[in-house]
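Trainee: So here's entry30.txt (compact mmCIF, C-alpha atoms).
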# COMPACT_ATOMS: atom_id res chain seq x y z
CA MET A 551 -3.82 -68.88 21.43
CA PRO A 552 -7.10 -67.44 20.10
CA ARG A 553 -9.53 -66.28 22.78
CA SER A 554 -11.98 -69.03 23.74
CA THR A 555 -15.72 -68.81 23.49
CA TRP A 556 -17.91 -69.98 26.36
CA GLU A 557 -18.90 -73.12 24.49
CA ALA A 558 -15.27 -74.01 23.78
CA LEU A 559 -14.20 -73.84 27.43
CA PRO A 560 -13.54 -77.20 29.08
CA VAL A 561 -16.57 -78.52 30.94
CA ALA A 562 -14.66 -78.36 34.23
CA VAL A 563 -13.95 -74.66 33.67
CA ARG A 564 -17.57 -73.79 32.90
CA THR A 565 -18.63 -75.77 35.94
CA ALA A 566 -16.17 -73.90 38.17
CA ILE A 567 -17.51 -70.57 36.93
CA GLU A 568 -21.14 -71.55 37.43
CA ARG A 569 -20.31 -72.80 40.91
CA GLU A 570 -19.54 -69.15 41.70
CA THR A 571 -22.26 -67.48 39.65
CA GLY A 572 -25.16 -69.84 39.21
CA ARG A 573 -26.29 -70.72 35.72
CA VAL A 574 -24.82 -68.57 32.95
CA HIS A 575 -27.59 -67.68 30.52
CA ASP A 576 -25.86 -65.16 28.25
CA VAL A 577 -22.23 -64.45 27.33
CA VAL A 578 -20.96 -61.28 25.64
CA LEU A 579 -17.37 -61.41 24.36
CA PRO A 580 -15.38 -58.17 24.19
CA ASP A 581 -14.19 -56.82 20.88
CA ALA A 582 -10.69 -55.95 22.14
CA GLY A 583 -7.97 -57.14 24.49
CA ARG A 584 -5.42 -59.93 24.24
CA ASN A 585 -4.05 -60.82 27.69
CA SER A 586 -6.59 -63.51 28.63
CA ASP A 587 -7.55 -66.79 26.99
CA PHE A 588 -11.16 -66.18 27.94
CA SER A 589 -12.86 -62.92 28.85
CA ALA A 590 -16.54 -62.05 28.74
CA THR A 591 -19.41 -60.29 30.39
CA LEU A 592 -21.54 -63.04 31.92
CA HIS A 593 -25.24 -62.66 32.60
CA THR A 594 -26.01 -65.18 35.32
CA GLU A 595 -28.52 -66.18 37.98
CA ALA A 596 -26.52 -64.08 40.46
CA GLY A 597 -26.39 -61.01 38.20
CA THR A 598 -23.98 -59.60 35.65
CA LEU A 599 -20.21 -59.77 36.09
CA PHE A 600 -16.99 -59.80 34.10
CA CYS A 601 -14.91 -62.96 33.97
CA LYS A 602 -11.41 -63.50 32.63
CA GLY A 603 -9.36 -66.69 32.54
CA ILE A 604 -5.92 -68.02 31.69
CA ALA A 605 -5.30 -71.58 30.52
CA ASP A 606 -1.73 -71.72 31.91
CA ALA A 607 -2.48 -71.06 35.57
CA ASP A 608 1.12 -71.73 36.59
CA GLY A 609 2.78 -69.95 33.66
CA LYS A 610 3.87 -66.35 33.16
CA ARG A 611 0.41 -65.03 32.35
CA GLY A 612 -1.02 -67.01 35.23
CA ARG A 613 1.40 -65.23 37.56
CA MET A 614 0.29 -61.90 36.10
CA HIS A 615 -3.35 -62.68 36.83
CA ARG A 616 -2.54 -63.91 40.34
CA HIS A 617 -0.82 -60.58 40.87
CA GLU A 618 -3.91 -58.76 39.62
CA ALA A 619 -6.05 -60.73 42.08
CA ALA A 620 -3.64 -59.95 44.93
CA VAL A 621 -3.58 -56.18 44.40
CA ASN A 622 -7.30 -55.77 43.73
CA PRO A 623 -8.34 -55.35 47.40
CA LEU A 624 -5.86 -52.46 47.68
CA LEU A 625 -7.27 -50.46 44.78
CA PRO A 626 -9.46 -47.38 45.31
CA PRO A 627 -13.05 -48.71 45.03
CA GLU A 628 -14.22 -45.63 43.12
CA VAL A 629 -11.63 -46.32 40.42
CA ALA A 630 -11.42 -50.08 39.92
CA PRO A 631 -14.04 -52.88 39.85
CA ARG A 632 -13.88 -55.29 42.81
CA LEU A 633 -12.70 -58.87 42.46
CA LEU A 634 -15.66 -61.05 43.49
CA TRP A 635 -14.07 -64.50 43.34
CA ARG A 636 -11.24 -66.58 41.93
CA ALA A 637 -11.27 -70.25 40.98
CA GLU A 638 -9.02 -72.85 39.39
CA ALA A 639 -10.03 -75.84 37.28
CA ASP A 640 -8.42 -78.03 34.63
CA GLY A 641 -5.24 -75.92 34.62
CA TRP A 642 -7.17 -72.65 34.28
CA LEU A 643 -7.09 -69.64 36.61
CA LEU A 644 -10.40 -67.73 36.59
CA LEU A 645 -11.22 -64.30 38.02
CA GLY A 646 -14.69 -62.81 38.44
CA PHE A 647 -15.05 -59.03 38.77
CA GLU A 648 -17.85 -56.58 39.31
CA HIS A 649 -19.35 -55.63 35.99
CA SER A 650 -18.13 -52.22 34.83
CA PRO A 651 -20.46 -51.17 32.01
CA GLY A 652 -19.39 -48.51 29.62
CA HIS A 653 -17.33 -47.70 26.56
CA HIS A 654 -13.63 -47.58 25.93
CA VAL A 655 -12.78 -43.92 26.31
CA ASP A 656 -11.97 -41.64 23.41
CA LEU A 657 -8.58 -39.96 23.94
CA SER A 658 -8.66 -37.86 20.77
CA PRO A 659 -8.59 -34.03 20.85
CA GLY A 660 -11.93 -32.53 21.88
CA SER A 661 -13.25 -35.74 23.43
CA THR A 662 -15.65 -35.28 26.33
CA ASP A 663 -13.94 -38.26 28.00
CA LEU A 664 -10.68 -36.38 28.59
CA ASP A 665 -11.81 -34.57 31.75
CA LEU A 666 -13.23 -37.81 33.17
CA VAL A 667 -9.99 -39.64 32.46
CA ARG A 668 -8.05 -36.93 34.27
CA GLU A 669 -10.38 -37.21 37.28
CA ALA A 670 -9.96 -40.99 37.38
CA VAL A 671 -6.17 -40.83 37.10
CA SER A 672 -6.04 -38.19 39.83
CA ALA A 673 -8.24 -40.34 42.08
CA MET A 674 -6.09 -43.38 41.34
CA ALA A 675 -2.89 -41.52 42.25
CA ALA A 676 -4.41 -40.19 45.47
CA GLY A 677 -5.83 -43.56 46.45
CA LEU A 678 -2.58 -45.42 45.81
CA SER A 679 -0.24 -42.83 47.32
CA THR A 680 0.45 -45.05 50.33
CA VAL A 681 -0.11 -48.44 48.69
CA SER A 682 2.90 -50.70 48.26
CA VAL A 683 2.87 -54.43 47.54
CA ASP A 684 5.26 -57.32 47.60
CA GLY A 685 5.41 -57.41 43.84
CA PRO A 686 7.46 -56.63 40.74
CA SER A 687 9.52 -53.46 40.41
CA LEU A 688 9.19 -51.40 37.23
CA ALA A 689 12.73 -50.05 37.69
CA GLU A 690 14.11 -53.59 37.68
CA GLN A 691 12.01 -54.40 34.62
CA TRP A 692 13.29 -51.35 32.72
CA ALA A 693 16.86 -52.10 33.77
CA ARG A 694 16.61 -55.66 32.47
CA LEU A 695 15.07 -54.56 29.19
CA ALA A 696 17.65 -51.78 28.66
CA ALA A 697 15.99 -50.95 25.35
CA TRP A 698 18.27 -48.13 24.20
CA ARG A 699 21.39 -50.05 25.23
CA ARG A 700 20.21 -53.01 23.17
CA LEU A 701 19.39 -50.77 20.21
CA ALA A 702 22.82 -49.13 20.53
CA LYS A 703 24.59 -52.49 20.53
CA ASP A 704 22.89 -53.60 17.32
CA ALA A 705 21.35 -50.51 15.71
CA PRO A 706 18.57 -51.52 13.31
CA ALA A 707 18.79 -50.23 9.77
CA ASP A 708 15.50 -48.34 10.11
CA LEU A 709 16.51 -46.43 13.26
CA ASP A 710 16.04 -42.75 12.46
CA THR A 711 19.17 -40.72 11.71
CA TRP A 712 18.92 -38.42 14.73
CA ALA A 713 18.61 -41.34 17.15
CA ARG A 714 21.54 -43.12 15.53
CA ASP A 715 23.69 -39.99 15.85
CA HIS A 716 22.66 -39.39 19.49
CA ILE A 717 22.44 -42.96 20.76
CA ASP A 718 24.82 -42.30 23.67
CA GLU A 719 22.66 -39.38 24.83
CA LEU A 720 19.53 -41.52 24.63
CA THR A 721 21.23 -44.34 26.55
CA ASN A 722 22.23 -41.88 29.28
CA TRP A 723 18.65 -40.64 29.54
CA GLU A 724 17.51 -44.26 29.82
CA THR A 725 19.86 -44.77 32.79
CA THR A 726 18.37 -41.66 34.40
CA ALA A 727 14.86 -42.98 33.76
CA VAL A 728 15.61 -46.26 35.55
CA GLU A 729 16.76 -44.25 38.57
CA HIS A 730 13.70 -41.96 38.50
CA VAL A 731 11.10 -44.69 37.91
CA ALA A 732 12.16 -46.54 41.05
CA GLY A 733 9.55 -46.32 43.79
CA SER A 734 7.46 -48.25 46.28
CA THR A 735 4.02 -47.03 45.18
CA LEU A 736 1.72 -49.28 43.16
CA ALA A 737 1.31 -47.93 39.61
CA HIS A 738 -0.91 -49.29 36.84
CA THR A 739 1.76 -48.90 34.07
CA ASP A 740 -0.61 -49.82 31.22
CA LEU A 741 -3.06 -46.93 30.90
CA HIS A 742 -4.67 -46.72 27.46
CA ALA A 743 -8.14 -46.45 26.02
CA LEU A 744 -8.95 -50.16 26.29
CA ASN A 745 -8.24 -50.13 30.03
CA LEU A 746 -10.31 -47.00 30.70
CA LEU A 747 -14.07 -47.54 30.73
CA GLY A 748 -16.37 -44.52 30.70
CA ASN A 749 -19.95 -44.65 31.92
CA GLY A 750 -22.35 -42.36 33.74
CA GLY A 751 -19.98 -39.44 34.15
CA LYS A 752 -17.03 -41.41 35.49
CA VAL A 753 -14.18 -43.59 34.28
CA GLN A 754 -13.03 -46.85 35.81
CA ILE A 755 -9.54 -48.31 35.35
CA VAL A 756 -9.33 -52.03 34.61
CA ASP A 757 -6.72 -54.73 33.90
CA TRP A 758 -4.14 -54.37 36.68
CA ALA A 759 -2.08 -57.41 35.67
CA TRP A 760 0.84 -55.17 34.65
CA SER A 761 0.81 -53.06 37.83
CA ARG A 762 4.23 -52.54 39.39
CA ASN A 763 5.94 -50.79 42.28
CA ALA A 764 7.22 -47.57 40.75
CA ASN A 765 7.31 -43.81 40.76
CA PRO A 766 3.56 -43.19 40.11
CA ALA A 767 4.42 -40.36 37.69
CA VAL A 768 5.07 -43.09 35.13
CA ASP A 769 1.30 -43.49 34.64
CA PRO A 770 0.77 -39.93 33.34
CA ALA A 771 3.90 -40.40 31.23
CA PHE A 772 2.46 -43.43 29.48
CA LEU A 773 -0.83 -41.56 29.01
CA VAL A 774 0.90 -38.62 27.35
CA THR A 775 2.21 -41.05 24.74
CA ARG A 776 -1.29 -42.45 24.21
CA LEU A 777 -2.74 -38.96 23.83
CA ILE A 778 -0.19 -38.16 21.13
CA GLU A 779 -1.02 -41.46 19.42
CA ALA A 780 -4.69 -40.37 19.53
CA GLY A 781 -3.92 -37.14 17.67
CA HIS A 782 -2.76 -34.58 20.24
CA ALA A 783 0.35 -32.52 19.59
CA PRO A 784 3.03 -33.15 22.23
CA ALA A 785 2.54 -29.69 23.74
CA ALA A 786 -1.22 -30.23 23.99
CA ALA A 787 -0.76 -33.66 25.57
CA GLU A 788 1.53 -32.16 28.19
CA THR A 789 -0.93 -29.34 28.84
CA TRP A 790 -3.58 -31.99 29.57
CA ALA A 791 -1.23 -33.83 31.93
CA GLU A 792 -0.19 -30.64 33.71
CA GLN A 793 -3.65 -30.51 35.27
CA LEU A 794 -2.85 -33.72 37.17
CA PRO A 795 -1.45 -32.86 40.62
CA LEU A 796 1.01 -35.73 40.40
CA TRP A 797 2.41 -34.52 37.08
CA GLN A 798 2.68 -30.96 38.40
CA ARG A 799 4.99 -32.27 41.13
CA THR A 800 7.16 -34.20 38.66
CA SER A 801 10.50 -32.64 37.72
CA ALA A 802 11.33 -31.69 34.15
CA GLU A 803 14.27 -34.11 34.22
CA THR A 804 12.01 -37.00 35.19
CA LYS A 805 9.51 -36.15 32.45
CA THR A 806 12.24 -36.05 29.81
CA ALA A 807 13.83 -39.26 31.06
CA PHE A 808 10.49 -41.06 30.97
CA ALA A 809 9.75 -39.77 27.45
CA VAL A 810 13.09 -41.04 26.14
CA ALA A 811 12.77 -44.38 27.94
CA ILE A 812 9.26 -44.99 26.62
CA TRP A 813 10.44 -44.20 23.09
CA GLY A 814 13.19 -46.79 23.49
CA ILE A 815 10.84 -49.40 24.95
CA TRP A 816 8.29 -49.11 22.16
CA GLY A 817 10.99 -48.93 19.50
CA TYR A 818 12.66 -52.06 20.78
CA LEU A 819 9.41 -54.01 21.19
CA GLU A 820 8.21 -52.95 17.74
CA ARG A 821 11.23 -54.68 16.24
CA HIS A 822 11.62 -57.68 18.54
CA GLN A 823 8.03 -58.42 19.59
CA PRO A 824 6.10 -56.94 16.67
CA LEU A 825 2.38 -56.27 17.02
CA ALA A 826 0.15 -54.20 14.76
CA HIS A 827 -0.29 -51.33 17.22
CA ARG A 828 3.39 -50.81 18.06
CA PRO A 829 4.65 -48.70 15.12
CA ALA A 830 2.12 -45.97 15.96
CA LEU A 831 3.16 -46.04 19.62
CA THR A 832 6.83 -45.78 18.67
CA ALA A 833 6.06 -42.77 16.47
CA ALA A 834 4.07 -41.10 19.26
CA ALA A 835 6.79 -41.72 21.84
CA ARG A 836 9.46 -40.43 19.45
CA SER A 837 7.43 -37.28 18.86
CA TRP A 838 7.10 -36.65 22.59
CA ALA A 839 10.76 -37.38 23.39
CA ARG A 840 12.01 -35.06 20.66
CA PHE A 841 9.62 -32.36 21.93
CA ARG A 842 11.05 -32.77 25.44
CA LEU A 843 14.59 -32.65 24.06
CA ASP A 844 13.68 -29.42 22.23
CA LEU A 845 14.39 -30.77 18.76
Once more with this new file: its structure as structure tokens, please.
Mentor:
Amino acid sequence: MPRSTWEALPVAVRTAIERETGRVHDVVLPDAGRNSDFSATLHTEAGTLFCKGIADADGKRGRMHRHEAAVNPLLPPEVAPRLLWRAEADGWLLLGFEHSPGHHVDLSPGSTDLDLVREAVSAMAAGLSTVSVDGPSLAEQWARLAAWRRLAKDAPADLDTWARDHIDELTNWETTAVEHVAGSTLAHTDLHALNLLGNGGKVQIVDWAWSRNANPAVDPAFLVTRLIEAGHAPAAAETWAEQLPLWQRTSAETKTAFAVAIWGIWGYLERHQPLAHRPALTAAARSWARFRLDL
């Protein structure tokens, strides 16, 4: 459904929010994002905060946002905004967070945000190194999706020639990736420019609804793909990631397995759950995987 404005929210929902915040006197809607039915910066009697809401509180996205609320107290405070309150009204689940002012980071080559992103990701990895939750497993999610196995079973006509000729090799790498992504550490799993907010010489990481128990090296792996999408050559993206202590400790086999798995995931989703941004992500992931495979 299209994202709601403040005025279009049910009266009971606006009342529930203002019960937490005092009167809302100004609402600023974001220009990006798609996981919430309502999200906005609210200027209120109690100050400025960020609010997001889901109309299906008991549905799949509602469960995702309940998960985000549950893990928030465990997140490093220097990295992620605090959850201030949660409320339910008229079938909606509502979350209020500390306001994190700033801009969506620029991941392109030469950006001054790149060092700050690396510092934030390093701080996140260090802060979460001992954090485990009773929550979803990324390994189980990848195993259920089995993207390359699905693509092998019914190869699409537009699958590139090399992938078609080496589908068994790619499927084997995917199996390895499922083994290597298993872990009991909380990982964000959705790092990209819209979830990285830069301000005042630091970057905060937002939107933890997709966080999973996993091998935390999967977060730098996803970021490498995003860097390539933003214009970095695969070698340059890996050079950036190599300055992350976590990535330095990650084996070459794991890196290659993750690259191949991410290529399969984006390639499968591009075809079966098409969104405008997915072809570029598939191309970036393919570029990185073929670099890792020395093609």
Trainee: Check the smallest atom-to-atom distance from each of A:Trp758, A:Phe841, A:Trp698, A:Trp816 to A:His617 using all atoms listed in the file, then report the winner.
Mentor: A:Trp758
Trainee: May I have the residues within 6 Å of stretch 783-795 of chain A as a list in words, using only C-alpha atoms and disregarding those fewer than 4 positions away in the same chain?
Mentor: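 Listing them by chain and then by number gives Val774, Leu777, Ile778 and Trp838 of chain A.
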Trainee: May I have the selected residues written with C-alpha atoms, as a compact mmCIF listing (two decimals), keeping the file's coordinate frame?
Mentor:
# COMPACT_ATOMS: atom_id res chain seq x y z
CA VAL A 774 0.90 -38.62 27.35
CA LEU A 777 -2.74 -38.96 23.83
CA ILE A 778 -0.19 -38.16 21.13
CA TRP A 838 7.10 -36.65 22.59
Trainee: Give me the residues within 8 Å of stretch 711-714 of chain A as a ChimeraX atom specification, counting all atoms listed in the file and dropping any in the same chain fewer than 6 places off.
Mentor: /A:702,705,720
Trainee: Could I get the residues of stretch 553-573 of chain A with an atom no further than 9 Å from an atom of stretch 589-612 of chain A, each paired with its nearest atom pair and that distance in Å to one decimal, using all atoms listed in the file, sorted by chain and residue number, as CSV?
Mentor:
residue,atom,partner,partner_atom,distance
A:Arg553,CA,A:Ser589,CA,7.7
A:Ser554,CA,A:Ser589,CA,8.0
A:Thr555,CA,A:Ser589,CA,8.5
A:Trp556,CA,A:Ala590,CA,8.4
A:Ile567,CA,A:Cys601,CA,8.6
A:Glu568,CA,A:Thr594,CA,8.3
A:Glu570,CA,A:Ala596,CA,8.7
A:Thr571,CA,A:Ala596,CA,5.5
A:Gly572,CA,A:Glu595,CA,5.1
A:Arg573,CA,A:Glu595,CA,5.5
Trainee: Looking at A:Asn745, A:Asn765, A:Ala707, A:Val563, which one is nearest to A:Gly733, with distances taken over all atoms listed in the file?
Mentor: A:Asn765
Trainee: Within 12 Å of A:His822, counting all atoms listed in the file, which residues qualify if same-chain residues fewer than 6 places away don't, as a ChimeraX atom specification?
Mentor: /A:695,697,700-701,706,815-816,828-829
Trainee: Rounded to one decimal, what separation in Å do you get between atom CA of A:Pro627 and atom CA of A:Val578?
Mentor: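 Separating atom CA of A:Pro627 from atom CA of A:Val578 is a distance of 24.4 Å.
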Trainee: How far is it from atom CA of A:Arg799 to atom CA of A:Ala767, in Å with one decimal?
Mentor: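 A separation of 8.8 Å between them.
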